[in-house]
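Enquirer: My structure is below; once you've seen it, I'll send some questions.
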Amino acid sequence: MSIKEQCMQVAKELCELAKLKKGDIFVVGCSTSEVVGSKIGTNSDPDTAEEIFKGLYSVLKPKGIYLAVQCCEHLNRAIVTEADAVPSAERVNAVPQKKAGGSLATVAYNSFKSPVVIEEIKADAGVDIGGTLIGMHLKRVAVPVRLSIDKIGEASIICARVRPKFIGGERAIYDKEML
C-alpha cells in the first residue's frame with residue numbers, strides 16, 4: 001500500500017471510529033523524516049508530505065472535516081488550517097518552510113484555499129505520525145484509538161479521538177452515544 005493509500009485508510013477509519021461530522025477538526029502531526037525511515041528532524045521530504053496531505057485531505061474535505069497540520073518545534077508546534085475552521089482565532093505571522101514548520105505544514109499552507117497559522121487548536125481527533133506529540137492540540141478528554149494499520153511508511157502512528165468529560169459520581173448516568 002502506498003503512503004497516500006495508508007493515509008486515506010487512517011483518515012477513513014479514524015473518522016468512523018471517532019464519529020467525526022461536518023465541521024469537526026482532524027489534527028495531524030507528522031515527521032516525514034520518520035515516514036521515509038530517518039530520524040525525526042533529519043530528512044524532511046516534501047514529496048512524501050505531498051502524498052500524506054493528498055491522502056488525508058481527499059478523505060476529510062468531502063466530509064466537511066477540517067484538516068489542521070501541526071508545525072514542527074521550530075514554529076513552536078503552531079497549527080496550519082483553513083481560515084473557515086477557526087474564524088475567530090488569533091493568527092500568528094509565520095509561513096511554514098521545510099526546515100521551519102516542516103514539510104507537511106508547508107504543503108498544507110500552500111494547498112489550503114485560505115490558510116492561517118495559529119498557536120493552538122482543540123481538535124476532535126488526530127493522528128501522530130512519527131512521534132510529533134499532537135496531544136496539546138486535542139480537546140479534553142483524549143482517548144487512544146487503534147486502527148487496522150499502525151504505521152505510515154516507516155513511521156509509527158498513534159491515533160486519538162476525544163470524548164466529553166465525565167462528571168458526577170457513582171449515581172451518574174452517561175449518554176452512550178458520547179462515549
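Numbering starts fresh at 1 for the residues of each chain in the C-alpha cells, the chains themselves are lettered A, B, ... in the order given, and ligands are numbered from 1 as they appear.
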May I have the residues within 12 Å of Ala160 of chain A as a compact mmCIF listing (two decimals) with C-alpha atoms, in the first residue's frame, using only C-alpha atoms and disregarding those fewer than 2 positions away in the same chain?

Expert:
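Result saved to part_39.txt:
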# COMPACT_ATOMS: atom_id res chain seq x y z
CA VAL A 10 -6.13 6.10 8.54
CA ALA A 11 -8.43 9.04 7.81
CA GLU A 13 -11.03 4.56 9.94
CA LEU A 14 -10.44 7.39 12.39
CA CYS A 15 -13.38 9.41 11.04
CA LEU A 17 -14.32 5.36 14.96
CA ALA A 18 -14.29 8.94 16.27
CA LYS A 19 -17.74 9.62 14.76
CA LEU A 20 -16.46 12.80 13.14
CA PHE A 26 -8.79 16.44 12.49
CA VAL A 27 -5.23 17.31 13.57
CA VAL A 28 -2.10 15.66 12.20
CA GLY A 29 1.46 15.94 13.37
CA ALA A 123 -9.28 19.14 17.61
CA ASP A 124 -11.82 16.32 17.75
CA ALA A 125 -9.44 13.57 16.61
CA GLY A 126 -5.97 13.21 15.20
CA VAL A 127 -3.03 11.16 14.12
CA ASP A 128 0.57 11.50 15.27
CA ILE A 129 2.87 10.21 12.54
CA LEU A 133 3.25 14.90 20.08
CA ILE A 134 -0.17 16.23 18.99
CA GLY A 135 -1.78 15.89 22.42
CA MET A 136 -1.64 19.63 23.09
CA HIS A 137 -3.97 20.19 20.14
CA LEU A 138 -6.75 17.79 21.15
CA LYS A 139 -9.82 18.65 23.19
CA ARG A 140 -10.13 17.03 26.57
CA VAL A 141 -10.51 14.04 27.09
CA ALA A 142 -8.30 12.24 24.56
CA VAL A 143 -8.90 8.53 24.05
CA PRO A 144 -6.41 6.31 22.17
CA VAL A 145 -7.77 4.64 19.03
CA ARG A 146 -6.34 1.51 17.45
CA LEU A 147 -6.66 1.17 13.68
CA ILE A 157 1.33 6.21 14.31
CA ILE A 158 -0.76 6.92 17.36
CA VAL A 162 -11.93 12.91 22.16
CA ARG A 163 -14.97 12.50 24.36

Enquirer: Quick one: contact table of segment 3-102 of chain A to segment 110-118 of chain A, 7 Å max, nearest atom pair and distance in Å to one decimal per residue, counting only C-alpha atoms, chain and number order, as a tab-separated table?

Expert:
residue	atom	partner	partner_atom	distance
A:Ala78	CA	A:Ile118	CA	5.8
A:Ile79	CA	A:Ile118	CA	5.3
A:Val80	CA	A:Val117	CA	4.6
A:Thr81	CA	A:Pro115	CA	5.6
A:Glu82	CA	A:Pro115	CA	4.7
A:Ala83	CA	A:Val116	CA	5.6
A:Glu90	CA	A:Ile118	CA	6.4
A:Arg91	CA	A:Ile118	CA	4.7
A:Val92	CA	A:Ile118	CA	5.4
A:Ala94	CA	A:Val117	CA	6.7

Enquirer: Per DSSP on the backbone, what are the alpha helix (DSSP H) residues of chain A, as a VMD selection string?

Expert: chain A and resid 3 to 17 32 to 35 46 to 63 103 to 111

Enquirer: Kindly save the residues from that selection, with C-alpha atoms included, as a PDB file, in the first residue's frame.

Expert:
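Saved result, part23.pdb, follows:
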ATOM      1  CA  ILE A   3       1.818   6.242   1.654  1.00  0.00           C
ATOM      2  CA  LYS A   4      -1.160   8.083   0.160  1.00  0.00           C
ATOM      3  CA  GLU A   5      -3.315   4.943   0.469  1.00  0.00           C
ATOM      4  CA  GLN A   6      -2.164   4.380   4.053  1.00  0.00           C
ATOM      5  CA  CYS A   7      -3.162   7.948   4.915  1.00  0.00           C
ATOM      6  CA  MET A   8      -6.539   7.517   3.258  1.00  0.00           C
ATOM      7  CA  GLN A   9      -7.080   4.336   5.297  1.00  0.00           C
ATOM      8  CA  VAL A  10      -6.126   6.096   8.535  1.00  0.00           C
ATOM      9  CA  ALA A  11      -8.429   9.037   7.808  1.00  0.00           C
ATOM     10  CA  LYS A  12     -11.383   6.800   6.888  1.00  0.00           C
ATOM     11  CA  GLU A  13     -11.029   4.562   9.943  1.00  0.00           C
ATOM     12  CA  LEU A  14     -10.441   7.393  12.391  1.00  0.00           C
ATOM     13  CA  CYS A  15     -13.378   9.406  11.044  1.00  0.00           C
ATOM     14  CA  GLU A  16     -15.607   6.394  11.537  1.00  0.00           C
ATOM     15  CA  LEU A  17     -14.324   5.363  14.962  1.00  0.00           C
ATOM     16  CA  THR A  32       8.251  12.958   7.020  1.00  0.00           C
ATOM     17  CA  SER A  33      11.771  12.026   8.099  1.00  0.00           C
ATOM     18  CA  GLU A  34      10.334   9.159  10.149  1.00  0.00           C
ATOM     19  CA  VAL A  35       7.996   8.139   7.314  1.00  0.00           C
ATOM     20  CA  PRO A  46       8.298  17.475   0.552  1.00  0.00           C
ATOM     21  CA  ASP A  47       7.305  14.701  -1.882  1.00  0.00           C
ATOM     22  CA  THR A  48       6.300  12.426   0.989  1.00  0.00           C
ATOM     23  CA  ALA A  49       4.453  15.337   2.607  1.00  0.00           C
ATOM     24  CA  GLU A  50       2.505  15.850  -0.615  1.00  0.00           C
ATOM     25  CA  GLU A  51       1.386  12.203  -0.595  1.00  0.00           C
ATOM     26  CA  ILE A  52       0.375  12.382   3.063  1.00  0.00           C
ATOM     27  CA  PHE A  53      -1.568  15.599   2.527  1.00  0.00           C
ATOM     28  CA  LYS A  54      -3.358  14.270  -0.556  1.00  0.00           C
ATOM     29  CA  GLY A  55      -4.302  11.049   1.221  1.00  0.00           C
ATOM     30  CA  LEU A  56      -5.729  12.727   4.324  1.00  0.00           C
ATOM     31  CA  TYR A  57      -7.338  15.673   2.540  1.00  0.00           C
ATOM     32  CA  SER A  58      -9.023  13.500  -0.091  1.00  0.00           C
ATOM     33  CA  VAL A  59     -10.988  11.791   2.688  1.00  0.00           C
ATOM     34  CA  LEU A  60     -11.610  14.751   5.012  1.00  0.00           C
ATOM     35  CA  LYS A  61     -12.541  17.528   2.568  1.00  0.00           C
ATOM     36  CA  PRO A  62     -15.610  15.776   1.047  1.00  0.00           C
ATOM     37  CA  LYS A  63     -16.899  15.094   4.571  1.00  0.00           C
ATOM     38  CA  SER A 103       7.304  19.635   5.003  1.00  0.00           C
ATOM     39  CA  LEU A 104       3.701  18.683   5.754  1.00  0.00           C
ATOM     40  CA  ALA A 105       2.851  22.083   7.246  1.00  0.00           C
ATOM     41  CA  THR A 106       4.458  23.728   4.205  1.00  0.00           C
ATOM     42  CA  VAL A 107       2.417  21.606   1.800  1.00  0.00           C
ATOM     43  CA  ALA A 108      -0.767  22.350   3.759  1.00  0.00           C
ATOM     44  CA  TYR A 109      -0.062  26.085   3.809  1.00  0.00           C
ATOM     45  CA  ASN A 110       0.485  26.071   0.051  1.00  0.00           C
ATOM     46  CA  SER A 111      -2.550  23.842  -0.645  1.00  0.00           C
TER      47      SER A 111
END

Enquirer: What does the structure give for the distance between atom CA of Asp175 of chain A and atom CA of Gly23 of chain A, in Å to one decimal?

Expert: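 Rounded to one decimal, the two atoms are 21.6 Å apart.
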
Enquirer: Taking into account only C-alpha atoms, which residue in the set A:Gly101, A:Ala68, A:Gly131, A:Lys122 is nearest to Ile152 of chain A?

Expert: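 Among the listed residues, the smallest separation from Ile152 of chain A belongs to A:Gly131.
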
Enquirer: To one decimal in Å, tell me the separation between atom CA of Glu73 of chain A and atom CA of Gln97 of chain A.

Expert: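 It comes out at 12.2 Å.
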
Enquirer: Would you mind telling me which residue in A:Pro164, A:Met1, A:Cys159, A:Glu119 lies nearest to Lys176 of chain A when using only C-alpha atoms?

Expert: A:Pro164

Enquirer: Could you please write out, as a compact mmCIF listing (two decimals) with C-alpha atoms, in the first residue's frame, every residue of segment 19-113 of chain A that DSSP assigns to strand (DSSP E)?

Expert:
# COMPACT_ATOMS: atom_id res chain seq x y z
CA ILE A 25 -11.31 19.21 13.23
CA PHE A 26 -8.79 16.44 12.49
CA VAL A 27 -5.23 17.31 13.57
CA VAL A 28 -2.10 15.66 12.20
CA GLY A 29 1.46 15.94 13.37
CA CYS A 30 3.98 14.38 11.05
CA TYR A 66 -11.22 20.42 8.64
CA LEU A 67 -7.59 19.31 8.47
CA ALA A 68 -5.22 21.02 10.90
CA VAL A 69 -1.50 20.38 10.45
CA GLN A 70 0.93 20.81 13.32
CA ILE A 79 -1.11 24.89 13.51
CA VAL A 80 -1.85 25.46 9.82
CA THR A 81 -5.51 25.15 8.86
CA GLU A 82 -8.24 26.76 6.78
